[in-house]
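Asks: Supplied structure: query_19.tsv, TSV, C-alpha atoms.
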chain	number	residue	atom	x	y	z
A	18	MET	CA	1.63	0.52	32.51
A	19	LYS	CA	3.69	3.49	33.67
A	20	ARG	CA	2.03	6.83	33.12
A	21	PRO	CA	3.98	8.87	30.48
A	22	THR	CA	5.76	11.97	31.78
A	23	ILE	CA	7.19	15.15	30.32
A	24	ALA	CA	10.61	13.49	30.54
A	25	ASP	CA	9.36	10.65	28.30
A	26	ILE	CA	8.09	13.14	25.73
A	27	ALA	CA	11.38	15.07	25.83
A	28	ARG	CA	13.36	11.86	25.26
A	29	HIS	CA	11.24	10.83	22.26
A	30	ALA	CA	11.32	14.34	20.77
A	31	GLY	CA	15.04	14.86	21.41
A	32	VAL	CA	14.44	18.16	23.21
A	33	SER	CA	14.66	19.45	26.78
A	34	LYS	CA	11.87	19.14	29.35
A	35	VAL	CA	11.64	22.94	29.35
A	36	ALA	CA	10.90	22.90	25.62
A	37	VAL	CA	8.20	20.27	26.17
A	38	SER	CA	6.63	22.40	28.90
A	39	TYR	CA	6.62	25.45	26.64
A	40	ALA	CA	5.04	23.49	23.81
A	41	LEU	CA	2.33	21.76	25.85
A	42	ASN	CA	1.37	24.98	27.62
A	43	ASP	CA	1.39	27.03	24.38
A	44	ARG	CA	4.04	29.36	25.68
A	45	PRO	CA	6.62	31.12	23.49
A	46	GLY	CA	10.12	29.68	23.34
A	47	VAL	CA	9.80	26.94	20.72
A	48	SER	CA	9.08	27.04	17.00
A	49	ASP	CA	5.68	26.14	15.60
A	50	ALA	CA	7.12	23.02	13.99
A	51	THR	CA	8.67	21.85	17.28
A	52	ARG	CA	5.46	22.60	19.15
A	53	THR	CA	3.42	20.54	16.67
A	54	SER	CA	5.90	17.66	16.84
A	55	ILE	CA	5.95	17.63	20.65
A	56	LYS	CA	2.14	17.65	20.87
A	57	ALA	CA	1.92	14.80	18.38
A	58	ILE	CA	4.38	12.72	20.43
A	59	ALA	CA	2.47	13.51	23.63
A	60	GLU	CA	-0.75	12.33	21.99
A	61	GLU	CA	0.92	9.16	20.72
A	62	LEU	CA	2.27	8.33	24.19
A	63	GLY	CA	-1.12	8.97	25.79
A	64	TRP	CA	0.15	11.80	27.99
A	65	ARG	CA	-2.41	13.81	29.99
A	66	PRO	CA	-1.75	16.83	32.24
A	67	ASN	CA	-1.44	16.09	35.94
A	68	SER	CA	-4.40	17.80	37.62
A	69	ALA	CA	-2.53	18.32	40.91
A	70	ALA	CA	0.39	19.99	39.15
A	71	ARG	CA	-2.01	22.13	37.12
A	72	ALA	CA	-3.70	23.20	40.33
A	73	LEU	CA	-0.39	24.26	41.86
A	74	ASN	CA	0.23	26.39	38.78
A	75	GLY	CA	-3.15	28.08	39.17
A	76	ALA	CA	-4.81	26.19	36.33
A	77	CYS	CA	-8.38	24.92	36.46
A	78	ALA	CA	-8.99	21.64	38.25
A	79	GLN	CA	-11.56	20.63	35.60
A	80	ALA	CA	-13.73	19.23	38.37
A	81	VAL	CA	-16.69	20.33	40.48
A	82	GLY	CA	-17.93	18.88	43.75
A	83	LEU	CA	-21.13	17.67	45.37
A	84	VAL	CA	-21.33	16.72	49.06
A	85	VAL	CA	-24.50	14.89	50.11
A	86	ARG	CA	-25.80	14.64	53.65
A	87	ARG	CA	-28.48	11.98	53.48
A	88	PRO	CA	-28.85	8.54	55.08
A	89	PRO	CA	-26.80	6.07	52.98
A	90	SER	CA	-29.77	3.68	53.02
A	91	THR	CA	-31.85	6.32	51.25
A	92	LEU	CA	-29.23	7.15	48.63
A	93	GLY	CA	-28.93	3.48	47.77
A	94	VAL	CA	-32.51	3.23	46.57
A	95	GLU	CA	-33.88	6.74	46.06
A	96	PRO	CA	-33.64	7.67	42.35
A	97	PHE	CA	-33.62	11.46	42.86
A	98	PHE	CA	-29.91	11.97	43.48
A	99	MET	CA	-28.79	9.48	40.84
A	100	GLU	CA	-31.01	11.20	38.26
A	101	LEU	CA	-29.71	14.58	39.40
A	102	VAL	CA	-26.12	13.36	39.05
A	103	SER	CA	-26.85	11.94	35.60
A	104	GLY	CA	-28.11	15.34	34.46
A	105	ILE	CA	-25.10	17.10	35.95
A	106	GLY	CA	-22.75	14.58	34.35
A	107	SER	CA	-24.27	14.99	30.90
A	108	VAL	CA	-23.20	18.64	30.87
A	109	LEU	CA	-19.86	18.18	32.64
A	110	SER	CA	-18.67	15.39	30.35
A	111	ALA	CA	-19.22	17.56	27.29
A	112	GLN	CA	-16.80	20.09	28.84
A	113	SER	CA	-14.30	17.44	30.02
A	114	TYR	CA	-15.20	18.20	33.64
A	115	ALA	CA	-15.36	15.59	36.40
A	116	LEU	CA	-17.76	15.41	39.34
A	117	MET	CA	-16.37	14.71	42.81
A	118	LEU	CA	-19.07	13.15	45.02
A	119	GLN	CA	-18.69	12.69	48.77
A	120	MET	CA	-20.94	11.81	51.70
A	121	ALA	CA	-20.99	13.83	54.93
A	122	ASP	CA	-22.54	13.28	58.35
A	123	SER	CA	-23.05	16.96	59.20
A	124	HIS	CA	-22.94	20.44	57.76
A	125	GLU	CA	-19.67	21.05	59.61
A	126	GLN	CA	-18.10	18.04	57.91
A	127	GLU	CA	-19.47	19.18	54.56
A	128	LEU	CA	-17.91	22.63	55.01
A	129	GLU	CA	-14.59	21.04	55.91
A	130	VAL	CA	-14.70	19.08	52.65
A	131	HIS	CA	-15.43	22.28	50.73
A	132	ARG	CA	-12.57	24.11	52.43
A	133	ARG	CA	-10.16	21.26	51.68
A	134	TRP	CA	-11.25	20.91	48.06
A	135	TRP	CA	-11.00	24.65	47.47
A	136	GLY	CA	-7.73	25.08	49.38
A	137	GLU	CA	-6.09	22.21	47.48
A	138	ARG	CA	-7.62	23.41	44.19
A	139	ARG	CA	-9.29	20.05	43.67
A	140	VAL	CA	-12.47	21.68	42.38
A	141	ASP	CA	-13.39	24.83	40.52
A	142	GLY	CA	-16.82	25.05	42.15
A	143	VAL	CA	-19.46	23.06	44.02
A	144	PHE	CA	-23.19	22.42	44.21
A	145	LEU	CA	-25.01	23.03	47.49
A	146	VAL	CA	-28.06	20.84	48.11
A	147	ASP	CA	-30.65	20.26	50.84
A	148	LEU	CA	-30.47	23.83	52.15
A	149	HIS	CA	-32.03	24.66	55.48
A	150	SER	CA	-34.27	27.70	55.86
A	151	ASP	CA	-31.43	29.47	57.70
A	152	ASP	CA	-28.35	27.64	56.46
A	153	ALA	CA	-24.92	28.34	57.97
A	154	ARG	CA	-23.23	26.87	54.90
A	155	VAL	CA	-24.32	29.79	52.73
A	156	PRO	CA	-22.29	32.56	54.43
A	157	ALA	CA	-19.40	30.10	54.93
A	158	VAL	CA	-19.00	29.32	51.23
A	159	GLU	CA	-19.63	32.98	50.35
A	160	ALA	CA	-16.65	33.86	52.57
A	161	LEU	CA	-14.46	31.29	50.82
A	162	GLY	CA	-15.05	32.90	47.44
A	163	LEU	CA	-15.82	29.45	46.09
A	164	PRO	CA	-18.10	29.38	43.00
A	165	VAL	CA	-21.32	27.75	44.20
A	166	VAL	CA	-24.73	27.03	42.73
A	167	ALA	CA	-27.47	26.20	45.23
A	168	ILE	CA	-30.09	23.67	44.22
A	169	ALA	CA	-32.69	25.18	46.51
A	170	PRO	CA	-35.65	27.57	46.76
A	171	PRO	CA	-34.76	31.24	46.22
A	172	GLY	CA	-34.51	33.32	49.36
A	173	THR	CA	-32.46	30.66	51.14
A	174	SER	CA	-29.27	30.90	49.10
A	175	GLY	CA	-28.03	34.40	49.97
A	176	SER	CA	-25.91	35.76	47.12
A	177	LEU	CA	-25.52	32.29	45.59
A	178	PRO	CA	-27.43	31.65	42.36
A	179	ALA	CA	-30.24	29.15	42.92
A	180	VAL	CA	-31.67	26.53	40.59
A	181	TRP	CA	-35.18	25.66	41.72
A	182	SER	CA	-38.69	24.58	40.84
A	183	ASP	CA	-41.88	25.64	42.59
A	184	ASP	CA	-42.71	22.74	44.92
A	185	GLY	CA	-45.61	24.75	46.29
A	186	GLU	CA	-47.34	24.75	42.92
A	187	SER	CA	-46.98	20.96	42.72
A	188	VAL	CA	-48.45	20.51	46.20
A	189	ARG	CA	-51.43	22.73	45.34
A	190	GLU	CA	-52.12	20.71	42.19
A	191	ALA	CA	-52.11	17.44	44.16
A	192	VAL	CA	-54.47	18.86	46.80
A	193	ARG	CA	-56.88	20.26	44.19
A	194	TYR	CA	-56.97	16.85	42.50
A	195	LEU	CA	-57.60	14.94	45.72
A	196	ALA	CA	-60.28	17.44	46.75
A	197	ALA	CA	-61.97	17.07	43.36
A	198	LEU	CA	-62.10	13.31	43.97
A	199	GLY	CA	-63.98	14.01	47.20
A	200	HIS	CA	-61.21	13.60	49.79
A	201	ARG	CA	-61.51	15.79	52.86
A	202	ARG	CA	-58.95	14.28	55.22
A	203	ILE	CA	-55.51	14.63	53.63
A	204	ALA	CA	-52.23	13.87	55.42
A	205	ARG	CA	-48.62	14.11	54.36
A	206	VAL	CA	-45.51	12.13	55.26
A	207	ALA	CA	-42.71	14.64	54.72
A	208	GLY	CA	-38.94	14.89	54.78
A	209	PRO	CA	-36.93	16.63	57.53
A	210	ALA	CA	-38.69	19.76	58.80
A	211	GLU	CA	-35.49	21.84	58.71
A	212	LEU	CA	-35.06	21.54	54.94
A	213	ALA	CA	-36.10	24.66	53.02
A	214	HIS	CA	-38.04	22.76	50.34
A	215	THR	CA	-39.91	20.85	53.07
A	216	ALA	CA	-40.99	24.17	54.59
A	217	VAL	CA	-42.23	25.31	51.17
A	218	ARG	CA	-44.32	22.14	50.84
A	219	ASP	CA	-45.60	22.39	54.44
A	220	LEU	CA	-46.92	25.90	53.87
A	221	ALA	CA	-48.37	25.09	50.44
A	222	LEU	CA	-50.26	22.09	51.84
A	223	ARG	CA	-51.87	24.13	54.61
A	224	GLU	CA	-52.79	26.94	52.22
A	225	ALA	CA	-54.15	24.58	49.55
A	226	CYS	CA	-56.31	22.71	52.05
A	227	ALA	CA	-57.66	25.99	53.42
A	228	GLU	CA	-58.45	27.23	49.89
A	229	ALA	CA	-60.31	23.97	49.17
A	230	GLY	CA	-62.30	24.25	52.39
A	231	LEU	CA	-60.64	21.17	53.88
A	232	PRO	CA	-59.65	20.64	57.53
A	233	GLU	CA	-56.12	21.41	58.68
A	234	PRO	CA	-53.91	18.62	57.25
A	235	GLU	CA	-51.62	16.57	59.46
A	236	THR	CA	-47.95	16.36	58.45
A	237	VAL	CA	-45.43	13.93	59.93
A	238	HIS	CA	-41.76	14.71	59.30
A	239	THR	CA	-39.30	11.86	58.74
A	240	ASP	CA	-35.78	11.20	57.42
A	241	TYR	CA	-36.97	9.98	53.98
A	242	THR	CA	-36.28	6.30	54.74
A	243	GLY	CA	-38.78	3.53	54.13
A	244	GLU	CA	-38.67	2.57	57.80
A	245	GLU	CA	-39.61	6.04	59.01
A	246	GLY	CA	-42.16	6.40	56.22
A	247	ALA	CA	-43.84	3.15	57.30
A	248	ARG	CA	-43.84	4.23	60.95
A	249	ALA	CA	-45.40	7.60	60.10
A	250	THR	CA	-48.01	5.96	57.87
A	251	ARG	CA	-48.96	3.52	60.62
A	252	HIS	CA	-49.27	6.39	63.10
A	253	LEU	CA	-51.69	8.21	60.79
A	254	LEU	CA	-53.76	5.18	59.81
A	255	ILE	CA	-54.45	3.92	63.33
A	256	ALA	CA	-55.76	7.33	64.44
A	257	ALA	CA	-59.44	7.68	65.36
A	258	ARG	CA	-60.13	9.59	62.15
A	259	ARG	CA	-57.62	8.32	59.66
A	260	PRO	CA	-56.96	10.20	56.43
A	261	THR	CA	-58.53	9.05	53.18
A	262	ALA	CA	-55.61	10.39	51.12
A	263	MET	CA	-51.90	10.72	51.81
A	264	VAL	CA	-49.06	12.52	50.03
A	265	PHE	CA	-45.45	11.40	50.46
A	266	ASP	CA	-42.28	13.44	49.99
A	267	ASN	CA	-40.47	10.62	48.20
A	268	ASP	CA	-41.20	7.39	46.39
A	269	ILE	CA	-39.58	5.10	48.97
A	270	MET	CA	-41.98	6.17	51.73
A	271	ALA	CA	-44.99	5.87	49.43
A	272	VAL	CA	-44.04	2.30	48.51
A	273	ALA	CA	-43.56	1.50	52.21
A	274	ALA	CA	-47.08	2.84	52.83
A	275	LEU	CA	-48.49	0.18	50.50
A	276	SER	CA	-47.12	-2.51	52.82
A	277	VAL	CA	-48.53	-0.77	55.89
A	278	ALA	CA	-51.96	-0.52	54.25
A	279	GLN	CA	-51.86	-4.24	53.48
A	280	GLU	CA	-50.77	-4.96	57.05
A	281	LEU	CA	-53.83	-3.08	58.32
A	282	GLY	CA	-56.20	-4.73	55.86
A	283	LEU	CA	-56.83	-1.54	53.86
A	284	ASP	CA	-57.46	-1.52	50.14
A	285	ILE	CA	-55.58	0.88	47.90
A	286	PRO	CA	-57.25	2.97	46.51
A	287	ALA	CA	-60.73	2.09	47.80
A	288	ASP	CA	-59.88	2.79	51.45
A	289	LEU	CA	-56.87	5.07	50.98
A	290	SER	CA	-55.44	7.10	48.09
A	291	LEU	CA	-51.67	7.57	47.83
A	292	VAL	CA	-49.58	10.16	45.96
A	293	ALA	CA	-45.77	9.86	45.72
A	294	TRP	CA	-43.10	12.45	45.02
A	295	ASP	CA	-41.05	12.04	42.73
A	296	GLU	CA	-42.21	9.71	40.01
A	297	SER	CA	-39.71	6.86	39.51
A	298	PRO	CA	-39.61	3.24	38.33
A	299	LEU	CA	-40.53	2.29	41.91
A	300	THR	CA	-43.88	4.09	41.61
A	301	GLN	CA	-44.74	2.21	38.43
A	302	VAL	CA	-43.77	-1.39	39.24
A	303	VAL	CA	-45.88	-1.72	42.41
A	304	ARG	CA	-49.56	-2.66	42.35
A	305	PRO	CA	-51.50	-0.55	42.11
A	306	PRO	CA	-49.07	1.83	40.38
A	307	LEU	CA	-48.73	5.04	42.36
A	308	SER	CA	-50.03	8.42	41.35
A	309	ALA	CA	-46.96	10.65	41.51
A	310	VAL	CA	-45.56	14.13	41.05
A	311	ALA	CA	-43.30	13.89	38.00
A	312	ARG	CA	-40.52	16.27	37.03
A	313	ASP	CA	-37.52	16.07	34.71
A	314	ILE	CA	-34.78	15.64	37.32
A	315	PRO	CA	-31.92	15.06	34.82
A	316	ALA	CA	-32.85	18.37	33.15
A	317	TYR	CA	-32.83	19.97	36.61
A	318	GLY	CA	-29.28	18.68	37.15
A	319	ALA	CA	-28.17	19.78	33.69
A	320	THR	CA	-29.44	23.32	34.36
A	321	ALA	CA	-27.50	23.43	37.64
A	322	ALA	CA	-24.33	22.23	35.88
A	323	ARG	CA	-24.61	24.85	33.13
A	324	SER	CA	-25.09	27.57	35.75
A	325	LEU	CA	-22.04	26.43	37.73
A	326	LEU	CA	-19.79	26.23	34.66
A	327	ALA	CA	-20.92	29.72	33.63
A	328	LEU	CA	-20.14	31.00	37.13
A	329	ILE	CA	-16.69	29.39	37.01
A	330	ALA	CA	-16.08	31.08	33.64
A	331	GLY	CA	-16.71	34.45	35.29
A	332	GLU	CA	-20.15	35.06	33.84
A	333	SER	CA	-22.98	36.72	35.76
A	334	VAL	CA	-25.43	34.01	36.84
A	335	GLY	CA	-28.84	34.55	38.40
A	336	ASP	CA	-31.51	32.27	39.80
A	337	VAL	CA	-32.98	29.80	37.31
A	338	ARG	CA	-36.52	28.50	37.75
A	339	GLY	CA	-37.22	25.09	36.27
A	340	ALA	CA	-40.57	23.59	35.35
A	341	PRO	CA	-42.59	22.47	38.38
A	342	GLY	CA	-43.49	18.84	38.95
A	343	ARG	CA	-46.84	17.76	37.54
A	344	LEU	CA	-49.22	15.19	38.98
A	345	VAL	CA	-49.53	11.93	37.04
A	346	PRO	CA	-52.68	10.11	38.25
A	347	ARG	CA	-52.50	6.31	38.35
A	348	GLY	CA	-54.23	3.45	40.10
A	349	SER	CA	-53.50	4.53	43.68
A	350	THR	CA	-56.01	7.39	43.71
A	351	ARG	CA	-59.81	7.36	43.42
A	352	PRO	CA	-62.82	8.87	45.20
A	353	PRO	CA	-63.07	7.72	48.82
A	354	ARG	CA	-65.68	5.18	49.95
A	355	THR	CA	-66.98	7.82	52.37
A	356	ALA	CA	-66.16	11.51	52.19
Written as structure tokens, how would this file's structure read?
Replies:
Amino acid sequence: MKRPTIADIARHAGVSKVAVSYALNDRPGVSDATRTSIKAIAEELGWRPNSAARALNGACAQAVGLVVRRPPSTLGVEPFFMELVSGIGSVLSAQSYALMLQMADSHEQELEVHRRWWGERRVDGVFLVDLHSDDARVPAVEALGLPVVAIAPPGTSGSLPAVWSDDGESVREAVRYLAALGHRRIARVAGPAELAHTAVRDLALREACAEAGLPEPETVHTDYTGEEGARATRHLLIAARRPTAMVFDNDIMAVAALSVAQELGLDIPADLSLVAWDESPLTQVVRPPLSAVARDIPAYGATAARSLLALIAGESVGDVRGAPGRLVPRGSTRPPRTA
């Protein structure tokens, strides 16, 4: 079916296209009765404003953007981003805003997308995710004047408002729990070392182990995929003094570790305790179900969306700290056979 136009409305109303434009944009030049009649006809015909034309006239695009630089294989199965998007969408839909989602292979490509979106007025603002400790994207988007909310630890986002939770606190809770069970050799399979939140977890793990009187933990950085998680797990478990407990930076790698443990003839949790991050359906359907760090990711996304819409509206927006993830013990953790 052909999309109705202003010309169609003018023909049905028996007025000029200029009169229709005045009426639909609430500008003076037509009577209240004519304005009401034109709007009723537009509604009956199913007319909606053309976003591109609105953008050219300086109107809001009614859309925000999110560019993700992660391996496609990870995004296909990792619940984090889908739950984040669901939380963002719950707030945007209530305000008749759309979310534009695009993949990128590099930060340079991501910035090019932001420049194009902003230059063509396709979006009114964007979310910035997976910040590096010293991220070149931050000054670049600051220079554009583009409204941006960073979903990242504070101190990495420059002048951009940050929505964050304290990953360090969650790491310390997991270490205290494992130490209380009697574990002394704790290792971690982490995400990319350059990510700011990975650095926060790295430091918290070392500090928490030191506070508990445990040896220096070993951390292996990966790309979040199950393949790399399995490879890192195998590397740690075939060492001369293998860990008795391991913490993983996502659920996919923790599930992959179960297969590696089976491959090596290890029993979970008698020979090895596992903790995943974040909790997801994946952590609960495997056997044994995985102990996991749980947080309300949709609420996290909703908070970021509210902050971005407030920023777009011209309000002053500061950093927002969400609730930290909390450990949910399940069948994959228990005291070690030997300390």
Asks: Which residue is closest to A:Leu161? Choose from A:Ala78, A:Ala191, A:Val143, A:Val345 and count only C-alpha atoms.
Replies: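 When distances to A:Leu161 are compared using only C-alpha atoms, the smallest one comes from A:Val143.
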Asks: Which residue, A:Gly142, A:Pro171, A:Gly335, A:Gly208, has the smallest gap to A:Cys77 when you use all atoms listed in the file?
Replies: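 The answer is A:Gly142, which sits nearest to A:Cys77.
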Asks: With only C-alpha atoms as the atoms that count, which of A:Trp64, A:Asp151, A:Ala262, A:Gly162 lies nearest to A:Ile329?
Replies: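 Of A:Trp64, A:Asp151, A:Ala262, A:Gly162, the one nearest A:Ile329, counting only C-alpha atoms, is A:Gly162.
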Asks: Do you know which residues are at most 8 Å from stretch 53-57 of chain A counting only C-alpha atoms, after dropping those on the same chain fewer than 4 positions away, and could you put them as a PyMOL selection string?
Replies: chain A and resi 26-27+30+37+40-41+49+61
Asks: Rank A:Glu332, A:Glu95, A:Glu245, A:Asp183 by their smallest atom-to-atom distance to A:His214, using all atoms listed in the file, and report the top residue only.
Replies: A:Asp183
Asks: May I ask which of the residues A:Ile203, A:Val81, A:Ala249, A:Ile58 is the closest one to A:Val108, counting all atoms listed in the file?
Replies: A:Val81
Asks: Find the residue from A:Pro346, A:Pro306, A:Gly246, A:Pro164 that sits nearest to A:Val277; use all atoms listed in the file when measuring.
Replies: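 For A:Val277, the nearest of the candidates is A:Gly246.
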Asks: At what distance in Å, to one decimal, does atom CA of A:Thr239 lie from atom CA of A:Ala227?
Replies: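 Separation between atom CA of A:Ala227 and atom CA of A:Thr239: 23.8 Å.
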Asks: What separation in Å, quoted to one decimal, exists between atom CA of A:Leu83 and atom CA of A:Asp268?
Replies: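 We find that atom CA of A:Leu83 and atom CA of A:Asp268 lie 22.6 Å from each other.
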Asks: Separation of atom CA of A:Val180 and atom CA of A:Thr215, in Å?
Replies: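 That distance, rounded to one decimal, is 16.0 Å.
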Asks: List as a list in words the protein and nucleic acid residues near stretch 112-117 of chain A, meaning an atom at most 6 Å away when all atoms listed in the file are counted, but skip any in the same chain fewer than 2 places from it.
Replies: Gln79, Ala80, Val81, Gly82, Leu109 and Ser110 of chain A
Asks: Store the residues picked out above in a file with C-alpha atoms, as a tab-separated table (two decimals), keeping the file's coordinate frame.
Replies:
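What ended up in part08.tsv:
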chain	number	residue	atom	x	y	z
A	79	GLN	CA	-11.56	20.63	35.60
A	80	ALA	CA	-13.73	19.23	38.37
A	81	VAL	CA	-16.69	20.33	40.48
A	82	GLY	CA	-17.93	18.88	43.75
A	109	LEU	CA	-19.86	18.18	32.64
A	110	SER	CA	-18.67	15.39	30.35
Asks: In the coordinates of the file, take the point (-37.9, 21.2, 56.2) and a cut-off of 10 Å; then, counting all atoms listed in the file, name each qualifying protein, DNA or RNA residue as a list in words.
Replies: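 Using all atoms listed in the file, the matching residues come out as Asp147, Leu148, His149, Ser150, Ala207, Gly208, Pro209, Ala210, Glu211, Leu212, Ala213, His214, Thr215, Ala216, Val217, Arg218, Asp219, His238 and Thr239 of chain A.
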Asks: Counting only C-alpha atoms, select every polymer residue within 12 Å of (-50.9, 27.1, 43.7) as defined in the file's coordinates, and provide the selection as JSON, numbers by chain.
Replies: {"A": [183, 184, 185, 186, 187, 188, 189, 190, 191, 192, 193, 194, 217, 218, 220, 221, 222, 223, 224, 225, 226, 227, 228, 229, 341, 343]}
Asks: Could you name the residues that touch A:Thr236 at 7 Å or less, counting only C-alpha atoms, but leaving out those on the same chain fewer than 6 positions away, as a ChimeraX atom specification?
Replies: /A:204-207
